[in-house]
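Have a look at entry-v3.tsv below; it lists TSV, C-alpha atoms.
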```tsv
chain	number	residue	atom	x	y	z
A	1	MET	CA	63.43	70.10	48.02
A	2	THR	CA	67.12	70.08	47.27
A	3	ASN	CA	67.91	68.43	43.95
A	4	ILE	CA	68.64	65.05	45.45
A	5	TYR	CA	68.66	63.44	42.01
A	6	ASN	CA	71.90	65.20	41.06
A	7	ARG	CA	73.68	63.32	43.85
A	8	ILE	CA	73.79	60.34	41.51
A	9	TYR	CA	76.92	61.90	40.00
A	10	ASP	CA	78.69	61.90	43.38
A	11	PHE	CA	77.48	58.43	44.33
A	12	CYS	CA	78.72	56.85	41.10
A	13	LYS	CA	82.24	58.06	41.83
A	14	VAL	CA	82.41	55.98	45.02
A	15	ARG	CA	84.12	52.63	44.66
A	16	ASN	CA	83.85	49.68	47.00
A	17	LEU	CA	86.82	47.36	47.36
A	18	GLY	CA	84.76	44.48	46.02
A	19	ASN	CA	81.44	42.66	46.30
A	20	VAL	CA	79.57	41.81	49.50
A	21	PHE	CA	81.86	38.85	50.26
A	22	GLU	CA	84.78	41.26	50.44
A	23	ASN	CA	83.14	43.52	53.03
A	24	GLY	CA	84.91	43.79	56.35
A	25	GLU	CA	83.58	44.81	59.75
A	26	ASP	CA	83.32	48.48	58.80
A	27	PRO	CA	80.77	50.01	56.42
A	28	THR	CA	81.83	50.02	52.78
A	29	PRO	CA	82.74	53.29	51.03
A	30	ARG	CA	79.30	53.35	49.37
A	31	VAL	CA	77.56	52.87	52.71
A	32	GLU	CA	79.73	55.60	54.25
A	33	PHE	CA	78.74	57.93	51.42
A	34	LEU	CA	75.05	57.18	52.02
A	35	MET	CA	75.35	57.76	55.76
A	36	GLU	CA	77.01	61.13	55.14
A	37	LEU	CA	74.30	62.03	52.62
A	38	LEU	CA	71.50	61.08	55.03
A	39	ASP	CA	73.16	63.09	57.80
A	40	GLU	CA	73.42	66.07	55.44
A	41	LEU	CA	69.72	65.76	54.56
A	42	GLY	CA	68.68	65.36	58.20
A	43	ILE	CA	67.16	61.91	57.59
A	44	GLU	CA	67.39	59.55	60.55
A	45	TYR	CA	68.54	56.01	59.78
A	46	GLU	CA	69.53	52.73	61.40
A	47	LEU	CA	72.73	51.00	60.32
A	48	ASP	CA	71.65	47.37	60.49
A	49	TYR	CA	74.51	44.92	60.04
A	50	PHE	CA	74.40	41.16	59.72
A	51	ALA	CA	76.73	38.26	58.97
A	52	VAL	CA	77.37	37.31	55.35
A	53	THR	CA	80.30	34.97	56.05
A	54	ASP	CA	82.48	34.40	59.10
A	55	GLU	CA	84.67	37.26	57.90
A	56	SER	CA	82.28	39.68	56.19
A	57	LEU	CA	79.28	41.73	57.25
A	58	GLY	CA	76.39	43.13	55.25
A	59	PHE	CA	75.01	46.59	55.91
A	60	ASN	CA	71.40	47.65	55.46
A	61	LEU	CA	70.40	51.26	56.01
A	62	ASN	CA	66.86	51.50	57.36
A	63	LEU	CA	65.03	54.83	57.12
A	64	ILE	CA	62.04	54.06	59.30
A	65	GLY	CA	58.66	55.75	59.17
A	66	ASP	CA	55.26	54.82	60.52
A	67	SER	CA	53.50	53.59	57.37
A	68	ASP	CA	52.63	50.02	56.38
A	69	GLN	CA	54.65	50.27	53.16
A	70	PHE	CA	58.34	49.73	52.38
A	71	VAL	CA	60.44	50.91	49.47
A	72	VAL	CA	63.72	49.06	49.01
A	73	ALA	CA	66.71	49.41	46.70
A	74	HIS	CA	69.97	47.50	46.83
A	75	HIS	CA	73.18	49.49	47.19
A	76	ASP	CA	75.70	46.66	46.73
A	77	ILE	CA	77.59	46.08	43.50
A	78	ASN	CA	78.85	43.20	41.40
A	79	ASN	CA	81.72	45.02	39.68
A	80	PRO	CA	83.64	47.49	41.89
A	81	ASN	CA	85.44	49.11	38.94
A	82	ILE	CA	82.47	50.71	37.19
A	83	ASP	CA	79.86	53.42	37.87
A	84	ASN	CA	77.04	50.94	38.62
A	85	ALA	CA	74.79	53.83	37.65
A	86	ASN	CA	71.57	52.11	36.64
A	87	ASP	CA	72.29	48.96	38.67
A	88	ASN	CA	71.53	50.21	41.18
A	89	SER	CA	72.89	53.57	42.30
A	90	CYS	CA	70.04	55.51	40.72
A	91	SER	CA	67.47	53.45	42.63
A	92	VAL	CA	69.20	54.16	45.93
A	93	ILE	CA	69.07	57.90	45.23
A	94	ASN	CA	65.44	57.57	44.12
A	95	ALA	CA	64.54	55.72	47.33
A	96	ILE	CA	66.05	58.54	49.37
A	97	ALA	CA	64.18	61.07	47.22
A	98	ILE	CA	60.81	59.48	47.89
A	99	LYS	CA	61.61	59.34	51.61
A	100	MET	CA	62.16	63.11	51.48
A	101	ILE	CA	58.72	63.56	49.90
A	102	LYS	CA	56.97	61.03	52.17
A	103	PRO	CA	58.77	61.05	55.53
A	104	ASP	CA	56.32	58.49	56.95
A	105	LEU	CA	57.45	55.89	54.42
A	106	ASN	CA	59.69	52.99	55.43
A	107	VAL	CA	62.77	52.74	53.21
A	108	SER	CA	65.62	50.24	53.32
A	109	LEU	CA	68.82	50.39	51.30
A	110	LEU	CA	69.88	46.78	51.07
A	111	ASP	CA	73.20	44.97	50.84
A	112	GLY	CA	73.99	41.71	49.07
A	113	GLU	CA	71.31	41.56	46.37
A	114	GLU	CA	73.84	40.78	43.67
A	115	PHE	CA	74.82	37.49	45.30
A	116	GLY	CA	71.57	36.05	46.58
A	117	GLY	CA	69.69	38.73	48.48
A	118	PHE	CA	71.45	38.69	51.86
A	119	GLY	CA	70.04	42.07	52.88
A	120	SER	CA	66.48	41.25	51.84
A	121	LYS	CA	66.64	37.99	53.79
A	122	HIS	CA	67.70	39.88	56.88
A	123	LEU	CA	65.02	42.54	56.42
A	124	SER	CA	62.36	39.89	55.70
A	125	LYS	CA	63.05	38.20	59.02
A	126	ARG	CA	62.74	41.52	60.83
A	127	ILE	CA	59.49	42.36	59.04
A	128	LYS	CA	58.06	38.94	59.91
A	129	ASN	CA	59.20	39.48	63.50
A	130	GLY	CA	57.09	42.64	63.63
A	131	ASP	CA	60.03	45.01	64.11
A	132	PHE	CA	58.38	47.62	61.87
A	133	GLY	CA	54.75	47.04	62.74
A	134	ARG	CA	52.34	45.68	60.16
A	135	ILE	CA	53.83	45.90	56.67
A	136	LYS	CA	51.39	45.61	53.76
A	137	TRP	CA	53.89	45.37	50.91
A	138	VAL	CA	57.40	46.08	49.68
A	139	LEU	CA	58.02	47.97	46.43
A	140	ASN	CA	61.46	47.16	45.03
A	141	PHE	CA	63.26	49.80	42.92
A	142	GLU	CA	65.55	48.20	40.33
A	143	LEU	CA	67.33	49.94	37.44
A	144	THR	CA	65.29	53.13	37.79
A	145	GLY	CA	67.67	55.55	36.06
A	146	LYS	CA	66.09	55.84	32.61
A	147	GLY	CA	62.55	55.73	31.30
A	148	GLY	CA	60.67	57.91	33.76
A	149	GLU	CA	56.96	57.23	33.41
A	150	SER	CA	57.54	54.29	31.05
A	151	PHE	CA	58.03	51.14	33.12
A	152	PHE	CA	57.26	47.49	33.65
A	153	ILE	CA	56.68	45.46	36.81
A	154	GLY	CA	57.67	41.91	37.61
A	155	ASP	CA	55.13	39.12	37.29
A	156	TYR	CA	54.45	38.76	41.01
A	157	PRO	CA	50.67	38.50	41.57
A	158	GLY	CA	49.21	39.96	44.75
A	159	PRO	CA	47.64	43.10	46.19
A	160	LEU	CA	50.59	45.34	45.27
A	161	SER	CA	50.62	44.17	41.65
A	162	THR	CA	46.84	44.61	41.43
A	163	HIS	CA	47.15	48.10	42.91
A	164	ILE	CA	49.83	49.16	40.43
A	165	LYS	CA	47.92	47.76	37.45
A	166	SER	CA	44.78	49.64	38.60
A	167	LEU	CA	46.75	52.90	38.37
A	168	PHE	CA	48.91	52.22	35.31
A	169	ASP	CA	48.29	49.93	32.37
A	170	CYS	CA	51.91	48.78	32.47
A	171	PRO	CA	53.58	45.67	31.04
A	172	VAL	CA	54.06	42.74	33.41
A	173	VAL	CA	57.28	40.84	32.74
A	174	SER	CA	59.01	37.67	33.95
A	175	THR	CA	62.20	38.95	35.59
A	176	PRO	CA	65.54	37.50	36.71
A	177	PHE	CA	66.48	37.30	40.38
A	178	ASN	CA	65.88	40.38	42.49
A	179	ASP	CA	65.09	41.12	46.13
A	180	SER	CA	61.32	40.82	45.61
A	181	ILE	CA	61.78	37.08	45.16
A	182	ILE	CA	63.23	36.88	48.66
A	183	PHE	CA	60.47	38.92	50.24
A	184	ARG	CA	57.84	36.77	48.59
A	185	LYS	CA	59.64	33.63	49.79
A	186	TYR	CA	59.02	34.92	53.31
A	187	GLY	CA	55.34	35.54	52.60
A	188	ILE	CA	55.68	39.32	52.14
A	189	ASP	CA	53.90	40.85	49.14
A	190	SER	CA	56.52	42.46	46.92
A	191	VAL	CA	56.89	43.63	43.31
A	192	VAL	CA	59.94	44.86	41.42
A	193	ILE	CA	59.49	47.97	39.26
A	194	ASN	CA	61.82	48.96	36.41
A	195	PRO	CA	61.51	51.95	34.05
A	196	LEU	CA	62.72	51.63	30.45
A	197	PRO	CA	62.63	54.23	27.67
A	198	ILE	CA	60.49	53.86	24.55
A	199	THR	CA	62.22	52.70	21.37
A	200	GLU	CA	61.22	52.34	17.72
A	201	LYS	CA	62.92	48.94	17.59
A	202	LYS	CA	60.82	45.86	18.22
A	203	THR	CA	61.54	44.32	21.62
A	204	PRO	CA	59.86	41.63	23.78
A	205	ILE	CA	58.22	44.29	26.00
A	206	LEU	CA	55.26	46.14	24.53
A	207	ASN	CA	53.10	48.62	26.45
A	208	SER	CA	49.35	49.15	26.13
A	209	LYS	CA	49.90	51.95	23.60
A	210	GLY	CA	51.73	49.59	21.26
A	211	GLU	CA	55.12	51.12	22.08
A	212	TYR	CA	58.21	49.01	22.63
A	213	LEU	CA	60.36	49.37	25.76
A	214	ASP	CA	64.10	49.51	25.12
A	215	ILE	CA	65.55	46.47	26.86
A	216	GLY	CA	69.07	47.31	25.71
A	217	LEU	CA	69.75	49.19	28.93
A	218	LEU	CA	69.28	45.97	30.90
A	219	TYR	CA	72.35	44.43	29.26
A	220	ASN	CA	74.62	47.16	30.63
A	221	CYS	CA	74.42	45.68	34.13
A	222	HIS	CA	77.77	44.64	35.65
A	223	SER	CA	79.62	45.97	32.61
A	224	PRO	CA	81.63	49.15	31.92
A	225	LYS	CA	78.64	50.31	29.85
A	226	ASP	CA	76.69	50.99	33.06
A	227	THR	CA	77.89	54.59	33.22
A	228	VAL	CA	76.26	57.66	34.66
A	229	SER	CA	75.98	59.03	31.12
A	230	THR	CA	73.34	56.38	30.31
A	231	ILE	CA	70.83	57.54	32.90
A	232	SER	CA	68.85	60.76	33.29
A	233	VAL	CA	68.18	62.81	36.41
A	234	ASP	CA	65.01	64.12	34.74
A	235	ASP	CA	63.81	60.55	34.21
A	236	MET	CA	64.71	59.67	37.80
A	237	LYS	CA	62.62	62.59	39.04
A	238	ALA	CA	59.70	61.67	36.76
A	239	PHE	CA	59.76	58.06	37.95
A	240	VAL	CA	59.76	59.01	41.64
A	241	GLU	CA	57.29	61.88	41.52
A	242	LYS	CA	54.87	60.72	38.82
A	243	VAL	CA	54.95	56.94	39.24
A	244	ALA	CA	56.27	55.75	42.60
A	245	LEU	CA	54.62	58.53	44.58
A	246	GLN	CA	51.24	57.68	43.09
A	247	ILE	CA	51.68	54.00	43.91
A	248	LEU	CA	52.61	54.81	47.50
A	249	SER	CA	50.01	57.52	48.16
```
Now, as a test, write the supplied structure out as structure tokens.
Amino acid sequence: MTNIYNRIYDFCKVRNLGNVFENGEDPTPRVEFLMELLDELGIEYELDYFAVTDESLGFNLNLIGDSDQFVVAHHDINNPNIDNANDNSCSVINAIAIKMIKPDLNVSLLDGEEFGGFGSKHLSKRIKNGDFGRIKWVLNFELTGKGGESFFIGDYPGPLSTHIKSLFDCPVVSTPFNDSIIFRKYGIDSVVINPLPITEKKTPILNSKGEYLDIGLLYNCHSPKDTVSTISVDDMKAFVEKVALQILS
């Protein structure tokens, strides 16, 4: 498999004009980059657009398979002037990577998470309408650029959470807003998953081995600190191929 993870460096160079409210009728530069990347990789996709305001559209990219599982990652940004590396460019690349490994998997790259989950609302309605067949659950990649096999999941009880905890004795954490909250609002089982590296400093997140997870990376979001230098392609690969793949097998 081509080293898809290295494409994070190209993706982080792409700048949108603004947030989702500043979209026009044409795909944003980041969406255009992703379409070109998917074409290059030979991955079929659906450009699924929807109204955000009377003047702006949102753009989901659906990479449809024939499984009963979805992986999602939001591609939109809050601050157009920064790399947005960990939030959430790395997760978009990781979602494409797992689609390359498991072509049957359903994947959606979502717009509008940063301002209320517009893309997840649109996808939820389509899932409930049966547009993708029976969907068992939705695994939401958030901030998956650093940490690899060290991760936590959101505190969202259900079959997916139970499944993950049966495979990994991972911390379960109360999280801020993310697209899983929208899916669950529509009655769709969903959990957010977020790797974090181990640190010697005491933090609020402790794993079963008594190791602390470094929450400092979370505070880079939306700031100039969220640079591509803070994430690791090796960690991205480890997360996809040693964690996510096992969950979705």
Find the distance between atom CA of A:Leu206 and atom CA of A:Thr162 and write it in Å to one decimal.
18.9 Å
For atom CA of A:Gly58 and atom CA of A:Ser223, the interatomic separation in Å (one decimal)
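Separation of atom CA of A:Gly58 and atom CA of A:Ser223: 23.0 Å.
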Quick one: of A:Gly145, A:Pro224, A:Pro159, A:Pro103, who's nearest to A:Asn81, counting all atoms listed in the file?
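For A:Asn81, the nearest of the given residues is A:Pro224.
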As an exercise, work out the distance from atom CA of A:Leu123 to atom CA of A:Ala95 in Å and give it to one decimal place.
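Between these atoms lies a distance of 16.0 Å.
Distances to A:Asp214 were evaluated for A:Glu32, A:Glu46, A:Asp189, A:Glu200 using all atoms listed in the file, and the minimum falls at A:Glu200.
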Can you tell me, as a ChimeraX atom specification, what residues are no more than 7 Å from A:Asp155 when counting only C-alpha atoms, ignoring any on the same chain fewer than 4 positions away?
/A:172-174
Tell me which protein, DNA and RNA residues are within 10 Å of stretch 17-26 of chain A, counting all atoms listed in the file, leaving out same-chain ones fewer than 4 positions away, and put them as a PyMOL selection string.
chain A and resi 30-32+49-59+76-81+111-115+118
Take the residues from that selection and put them in a file with C-alpha atoms, as a compact mmCIF listing (two decimals), keeping the file's coordinate frame.
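Written out: again28.txt:
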```txt
# COMPACT_ATOMS: atom_id res chain seq x y z
CA ARG A 30 79.30 53.35 49.37
CA VAL A 31 77.56 52.87 52.71
CA GLU A 32 79.73 55.60 54.25
CA TYR A 49 74.51 44.92 60.04
CA PHE A 50 74.40 41.16 59.72
CA ALA A 51 76.73 38.26 58.97
CA VAL A 52 77.37 37.31 55.35
CA THR A 53 80.30 34.97 56.05
CA ASP A 54 82.48 34.40 59.10
CA GLU A 55 84.67 37.26 57.90
CA SER A 56 82.28 39.68 56.19
CA LEU A 57 79.28 41.73 57.25
CA GLY A 58 76.39 43.13 55.25
CA PHE A 59 75.01 46.59 55.91
CA ASP A 76 75.70 46.66 46.73
CA ILE A 77 77.59 46.08 43.50
CA ASN A 78 78.85 43.20 41.40
CA ASN A 79 81.72 45.02 39.68
CA PRO A 80 83.64 47.49 41.89
CA ASN A 81 85.44 49.11 38.94
CA ASP A 111 73.20 44.97 50.84
CA GLY A 112 73.99 41.71 49.07
CA GLU A 113 71.31 41.56 46.37
CA GLU A 114 73.84 40.78 43.67
CA PHE A 115 74.82 37.49 45.30
CA PHE A 118 71.45 38.69 51.86
```
Closest pair table for stretch 71-101 of chain A residues within 9 Å of stretch 225-246 of chain A, all atoms listed in the file, as JSON lines:
```
{"residue": "A:Ile82", "atom": "CA", "partner": "A:Asp226", "partner_atom": "CA", "distance": 7.1}
{"residue": "A:Asp83", "atom": "CA", "partner": "A:Thr227", "partner_atom": "CA", "distance": 5.2}
{"residue": "A:Asn84", "atom": "CA", "partner": "A:Asp226", "partner_atom": "CA", "distance": 5.6}
{"residue": "A:Ala85", "atom": "CA", "partner": "A:Val228", "partner_atom": "CA", "distance": 5.1}
{"residue": "A:Asn86", "atom": "CA", "partner": "A:Asp226", "partner_atom": "CA", "distance": 6.3}
{"residue": "A:Asp87", "atom": "CA", "partner": "A:Asp226", "partner_atom": "CA", "distance": 7.4}
{"residue": "A:Cys90", "atom": "CA", "partner": "A:Met236", "partner_atom": "CA", "distance": 7.4}
{"residue": "A:Ser91", "atom": "CA", "partner": "A:Met236", "partner_atom": "CA", "distance": 8.3}
{"residue": "A:Ile93", "atom": "CA", "partner": "A:Met236", "partner_atom": "CA", "distance": 8.8}
{"residue": "A:Asn94", "atom": "CA", "partner": "A:Val240", "partner_atom": "CA", "distance": 6.4}
{"residue": "A:Ala95", "atom": "CA", "partner": "A:Val240", "partner_atom": "CA", "distance": 8.1}
{"residue": "A:Ala97", "atom": "CA", "partner": "A:Val240", "partner_atom": "CA", "distance": 7.4}
{"residue": "A:Ile98", "atom": "CA", "partner": "A:Val240", "partner_atom": "CA", "distance": 6.4}
{"residue": "A:Ile101", "atom": "CA", "partner": "A:Leu245", "partner_atom": "CA", "distance": 8.4}
```
Residues of the last selection are to be written out with C-alpha atoms, as a CSV table (one decimal), in the frame of the given file.
```
chain,number,residue,atom,x,y,z
A,82,ILE,CA,82.5,50.7,37.2
A,83,ASP,CA,79.9,53.4,37.9
A,84,ASN,CA,77.0,50.9,38.6
A,85,ALA,CA,74.8,53.8,37.6
A,86,ASN,CA,71.6,52.1,36.6
A,87,ASP,CA,72.3,49.0,38.7
A,90,CYS,CA,70.0,55.5,40.7
A,91,SER,CA,67.5,53.4,42.6
A,93,ILE,CA,69.1,57.9,45.2
A,94,ASN,CA,65.4,57.6,44.1
A,95,ALA,CA,64.5,55.7,47.3
A,97,ALA,CA,64.2,61.1,47.2
A,98,ILE,CA,60.8,59.5,47.9
A,101,ILE,CA,58.7,63.6,49.9
```
Got a sec: who's within 6 Å of A:Gly147, counting only C-alpha atoms, leaving out chain neighbours fewer than 5 positions off, as a PDB file with C-alpha atoms, in the coordinates of the input?
```pdb
ATOM      1  CA  PRO A 195      61.510  51.950  34.050  1.00  0.00           C
ATOM      2  CA  LEU A 196      62.720  51.630  30.450  1.00  0.00           C
ATOM      3  CA  PRO A 197      62.630  54.230  27.670  1.00  0.00           C
ATOM      4  CA  ASP A 235      63.810  60.550  34.210  1.00  0.00           C
TER       5      ASP A 235
END
```
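Each of A:Tyr212, A:Asn16, A:Ile198, A:Ser249 was compared to A:Lys146 using all atoms listed in the file, and A:Ile198 turns out to be the nearest.
Proximity of A:Val92, A:Ile247, A:Leu34, A:Ile4 to A:Leu143, computed with all atoms listed in the file, is greatest for A:Val92.
Considering the residues A:Ile193, A:Cys12, A:Leu218, A:Ile164 and counting all atoms listed in the file, A:Gly148 has its shortest atom-to-atom contact with A:Ile193.
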Between A:Leu110, A:Val138, A:Asp179, A:Ser89, which has the minimum distance to A:Asn6 (counting all atoms listed in the file)?
A:Ser89
Sorted per-residue table, stretch 165-188 of chain A near stretch 127-135 of chain A, closest atoms and distance, 9 Å, all atoms listed in the file, as CSV:
```
residue,atom,partner,partner_atom,distance
A:Tyr186,CA,A:Lys128,CA,7.8
A:Gly187,CA,A:Lys128,CA,8.5
A:Ile188,CA,A:Lys128,CA,8.1
```
Counting all atoms listed in the file, which residues sit no farther than 7 Å from the position (60.5, 54.4, 56.3) in the file's frame? I'd like them as a count of residues only.
11
Generate a file for stretch 70-89 of chain A, containing N, CA and C atoms, as a tab-separated table (two decimals), in the first residue's frame.
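Wrote it out as selection_28.tsv, contents follow:
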```
chain	number	residue	atom	x	y	z
A	70	PHE	N	-19.54	2.23	9.75
A	70	PHE	CA	-19.06	3.49	9.19
A	70	PHE	C	-17.87	3.98	10.01
A	71	VAL	N	-16.89	4.53	9.32
A	71	VAL	CA	-15.87	5.36	9.94
A	71	VAL	C	-16.09	6.77	9.42
A	72	VAL	N	-16.04	7.76	10.33
A	72	VAL	CA	-16.18	9.14	9.91
A	72	VAL	C	-15.04	9.98	10.49
A	73	ALA	N	-14.74	11.07	9.80
A	73	ALA	CA	-13.77	12.05	10.28
A	73	ALA	C	-14.15	13.38	9.64
A	74	HIS	N	-14.12	14.45	10.42
A	74	HIS	CA	-14.52	15.74	9.83
A	74	HIS	C	-13.32	16.42	9.18
A	75	HIS	N	-13.56	16.99	8.00
A	75	HIS	CA	-12.50	17.66	7.25
A	75	HIS	C	-12.54	19.17	7.38
A	76	ASP	N	-13.62	19.72	7.95
A	76	ASP	CA	-13.73	21.18	8.03
A	76	ASP	C	-12.83	21.74	9.12
A	77	ILE	N	-12.63	23.04	9.10
A	77	ILE	CA	-11.69	23.69	10.01
A	77	ILE	C	-12.35	24.88	10.70
A	78	ASN	N	-11.79	25.23	11.84
A	78	ASN	CA	-12.22	26.42	12.57
A	78	ASN	C	-11.38	27.62	12.19
A	79	ASN	N	-10.07	27.42	12.09
A	79	ASN	CA	-9.12	28.48	11.78
A	79	ASN	C	-8.47	28.20	10.43
A	80	PRO	N	-8.74	29.01	9.40
A	80	PRO	CA	-8.22	28.72	8.07
A	80	PRO	C	-6.75	29.06	7.88
A	81	ASN	N	-6.11	29.65	8.89
A	81	ASN	CA	-4.75	30.15	8.74
A	81	ASN	C	-3.69	29.25	9.35
A	82	ILE	N	-4.09	28.05	9.78
A	82	ILE	CA	-3.15	27.15	10.45
A	82	ILE	C	-3.18	25.78	9.76
A	83	ASP	N	-2.28	24.88	10.21
A	83	ASP	CA	-2.18	23.55	9.60
A	83	ASP	C	-3.40	22.67	9.88
A	84	ASN	N	-4.04	22.87	11.04
A	84	ASN	CA	-5.15	21.98	11.44
A	84	ASN	C	-4.73	20.52	11.33
A	85	ALA	N	-3.53	20.24	11.81
A	85	ALA	CA	-2.93	18.92	11.60
A	85	ALA	C	-3.62	17.83	12.40
A	86	ASN	N	-3.69	18.02	13.73
A	86	ASN	CA	-4.32	17.00	14.55
A	86	ASN	C	-5.83	17.14	14.56
A	87	ASP	N	-6.32	18.36	14.35
A	87	ASP	CA	-7.77	18.63	14.33
A	87	ASP	C	-8.15	19.22	12.96
A	88	ASN	N	-8.46	18.40	11.98
A	88	ASN	CA	-8.60	16.97	12.10
A	88	ASN	C	-8.04	16.30	10.83
A	89	SER	N	-7.03	16.99	10.26
A	89	SER	CA	-6.48	16.52	8.98
A	89	SER	C	-5.95	15.10	9.08
```
